[in-house]
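Comments concern the structure below.
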Amino acid sequence: NIFTQQPSYFSDLDETLPTVLQVFNNILHKCGLQCEGASAEPQKLEEKVNVTPGNMPLQELKDIVLYLCDTCTTLWAFLDVFPLACQTFQKHEFCYRLASFYELAIPELESAIKKRRYEDSSVFADLWRRISHSRKKMIEAFHILINQVCLQPILE
């Protein structure tokens with residue numbers, strides 16, 4: 001794989017991970033949710049967020065769910081084919097951050113998808129399928145991380 005041919009890519013990955021974490025922070029922000037320690041920037045007083053997944057426009061909810069689905073699938077695929085990256089992910093407290101994101105965002109998004117009224121039921125089916133897929137890939141990525149960072153060292 002490319003990381004064995006070019007070991008300096010590990011430092012590139014290390015520098016890129018804050019951007020990956022920022023994706024999750026951006027989703028939380030768009031949903032009006034805050035993650036403890038997620039943002040280095042203080043919230044402006046006049047920037048009071050009233051948008052939630054339940055009251056945002058349908059297109060915005062769709063965009064967030066598609067973005068989340070794409071991000072989670074890509075993250076899982078990367079860790080699945082290159083589990084050695086898990087050590088670098090863990091340096092950035094990725095397990096903690098992913099679990100916090102999951103706990104804050106997934107119930108809110110699922111609830112918003114279930115409660116919304118749809119003119120076309122296929123939109124509901126698609127959103128539900130994608131949020132379920134996102135949830136599954138987050139859990140699978142978390143399992144890869146825990147296996148590589150915690151369990152494999154014990155077994156070796």
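Simple scheme: letters A, B, ... for chains in structure tokens order, numbers from 1 for residues in each chain, numbers from 1 for ligands in the order shown.
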Practice problem: Might you pull out every residue within 10 Å of stretch 10-14 of chain A, with only C-alpha atoms counted and same-chain residues fewer than 5 positions away left off, and present them as a list of chain:residue names? | Solution: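 My list of contacting residues is A:Phe3, A:Thr4, A:Thr19, A:Val20, A:Leu84, A:Ala85, A:Gln87, A:Thr88, A:Phe89, A:Lys91, A:His92.
With only C-alpha atoms as the atoms that count, the minimum distance from A:Glu93 to the choices A:Ile146, A:Ile139, A:Leu58, A:Leu151 is reached by A:Ile146.
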Leaving out A:Met56 and any residue of its chain fewer than 4 positions from it, which residues lie within 12 Å of it when counting only C-alpha atoms, given as a ChimeraX atom specification?
/A:30-32,49-52,60-64,109,112-113,116
Based on the selection just made, write N, CA, C and O atoms of those residues as a CSV table (one decimal), in the first residue's frame.
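As written to disk, part15.csv reads:
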```
chain,number,residue,atom,x,y,z
A,30,LYS,N,-24.5,23.0,11.9
A,30,LYS,CA,-25.6,23.2,11.0
A,30,LYS,C,-26.9,22.7,11.6
A,30,LYS,O,-28.0,23.1,11.3
A,31,CYS,N,-26.8,21.7,12.5
A,31,CYS,CA,-28.0,21.1,13.2
A,31,CYS,C,-28.3,21.9,14.5
A,31,CYS,O,-29.3,21.5,15.2
A,32,GLY,N,-27.5,22.9,14.8
A,32,GLY,CA,-27.8,23.6,16.0
A,32,GLY,C,-27.4,22.9,17.3
A,32,GLY,O,-27.9,23.2,18.4
A,49,VAL,N,-28.4,30.1,17.5
A,49,VAL,CA,-28.8,29.1,16.5
A,49,VAL,C,-30.2,28.6,16.9
A,49,VAL,O,-30.4,28.1,18.0
A,50,ASN,N,-31.1,28.8,16.0
A,50,ASN,CA,-32.5,28.3,16.2
A,50,ASN,C,-32.9,27.2,15.3
A,50,ASN,O,-33.9,26.7,15.4
A,51,VAL,N,-32.0,26.9,14.4
A,51,VAL,CA,-32.2,25.8,13.4
A,51,VAL,C,-31.9,24.5,14.1
A,51,VAL,O,-30.9,24.3,14.7
A,52,THR,N,-32.8,23.5,13.9
A,52,THR,CA,-32.6,22.2,14.4
A,52,THR,C,-32.9,21.2,13.2
A,52,THR,O,-33.6,21.7,12.2
A,60,GLU,N,-32.0,21.1,3.1
A,60,GLU,CA,-30.9,21.2,4.0
A,60,GLU,C,-30.7,19.9,4.7
A,60,GLU,O,-29.6,19.4,4.9
A,61,LEU,N,-31.8,19.3,5.2
A,61,LEU,CA,-31.7,18.0,5.9
A,61,LEU,C,-31.2,17.0,5.0
A,61,LEU,O,-30.3,16.2,5.4
A,62,LYS,N,-31.7,17.0,3.7
A,62,LYS,CA,-31.2,16.0,2.8
A,62,LYS,C,-29.7,16.2,2.5
A,62,LYS,O,-28.9,15.2,2.5
A,63,ASP,N,-29.2,17.4,2.4
A,63,ASP,CA,-27.8,17.7,2.2
A,63,ASP,C,-27.0,17.2,3.3
A,63,ASP,O,-25.9,16.6,3.1
A,64,ILE,N,-27.4,17.4,4.5
A,64,ILE,CA,-26.7,17.0,5.7
A,64,ILE,C,-26.6,15.5,5.8
A,64,ILE,O,-25.5,14.9,6.0
A,109,LEU,N,-31.2,13.6,14.2
A,109,LEU,CA,-31.4,13.4,12.7
A,109,LEU,C,-32.5,12.3,12.5
A,109,LEU,O,-33.4,12.5,11.7
A,112,ALA,N,-35.9,13.7,13.5
A,112,ALA,CA,-36.3,14.7,12.5
A,112,ALA,C,-36.8,14.0,11.2
A,112,ALA,O,-37.8,14.4,10.6
A,113,ILE,N,-36.1,13.0,10.8
A,113,ILE,CA,-36.6,12.2,9.6
A,113,ILE,C,-37.9,11.6,9.8
A,113,ILE,O,-38.8,11.6,9.0
A,116,ARG,N,-41.0,14.3,10.3
A,116,ARG,CA,-41.3,15.2,9.1
A,116,ARG,C,-42.4,14.6,8.3
A,116,ARG,O,-42.5,13.4,8.1
```
- Query: Skipping near chain neighbours, those fewer than 5 positions away, what residues fall within 12 Å of A:Tyr118 using only C-alpha atoms, listed as a ChimeraX atom specification?
  - Reply: /A:57-59,112-113,123-127
Skipping near chain neighbours, those fewer than 6 positions away, what residues fall within 9 Å of A:Ile106 using only C-alpha atoms, listed as an MDAnalysis selection string? chainID A and resid 131 134:135
Kindly save the residues from that selection, with all heavy atoms included, as a PDB file, in the first residue's frame.
```
ATOM      1  N   ILE A 131     -29.445   7.487   6.601  1.00  0.00           N
ATOM      2  CA  ILE A 131     -29.066   7.731   7.997  1.00  0.00           C
ATOM      3  C   ILE A 131     -28.753   6.395   8.679  1.00  0.00           C
ATOM      4  O   ILE A 131     -27.826   6.297   9.496  1.00  0.00           O
ATOM      5  CB  ILE A 131     -30.123   8.566   8.780  1.00  0.00           C
ATOM      6  CG1 ILE A 131     -29.529   9.131  10.078  1.00  0.00           C
ATOM      7  CG2 ILE A 131     -31.360   7.753   9.115  1.00  0.00           C
ATOM      8  CD1 ILE A 131     -28.531  10.208   9.900  1.00  0.00           C
ATOM      9  N   SER A 134     -25.333   5.435   7.496  1.00  0.00           N
ATOM     10  CA  SER A 134     -24.339   6.271   8.188  1.00  0.00           C
ATOM     11  C   SER A 134     -24.084   5.740   9.587  1.00  0.00           C
ATOM     12  O   SER A 134     -22.925   5.616  10.018  1.00  0.00           O
ATOM     13  CB  SER A 134     -24.823   7.718   8.279  1.00  0.00           C
ATOM     14  OG  SER A 134     -25.044   8.258   7.010  1.00  0.00           O
ATOM     15  N   ARG A 135     -25.157   5.431  10.298  1.00  0.00           N
ATOM     16  CA  ARG A 135     -25.043   4.903  11.657  1.00  0.00           C
ATOM     17  C   ARG A 135     -24.234   3.604  11.655  1.00  0.00           C
ATOM     18  O   ARG A 135     -23.310   3.419  12.445  1.00  0.00           O
ATOM     19  CB  ARG A 135     -26.441   4.661  12.249  1.00  0.00           C
ATOM     20  CG  ARG A 135     -26.402   4.174  13.662  1.00  0.00           C
ATOM     21  CD  ARG A 135     -27.762   3.956  14.318  1.00  0.00           C
ATOM     22  NE  ARG A 135     -28.942   4.202  13.555  1.00  0.00           N
ATOM     23  CZ  ARG A 135     -29.649   3.255  12.901  1.00  0.00           C
ATOM     24  NH1 ARG A 135     -29.239   2.010  12.890  1.00  0.00           N
ATOM     25  NH2 ARG A 135     -30.748   3.566  12.257  1.00  0.00           N
TER      26      ARG A 135
END
```
- request: Excluding A:His143 and residues on its chain fewer than 3 positions from it, collect all residues at most 12 Å away from it, counting only C-alpha atoms, and give them as a PyMOL selection string.
  value: chain A and resi 76+79-80+83+86+95+98-99+136-140+146-152
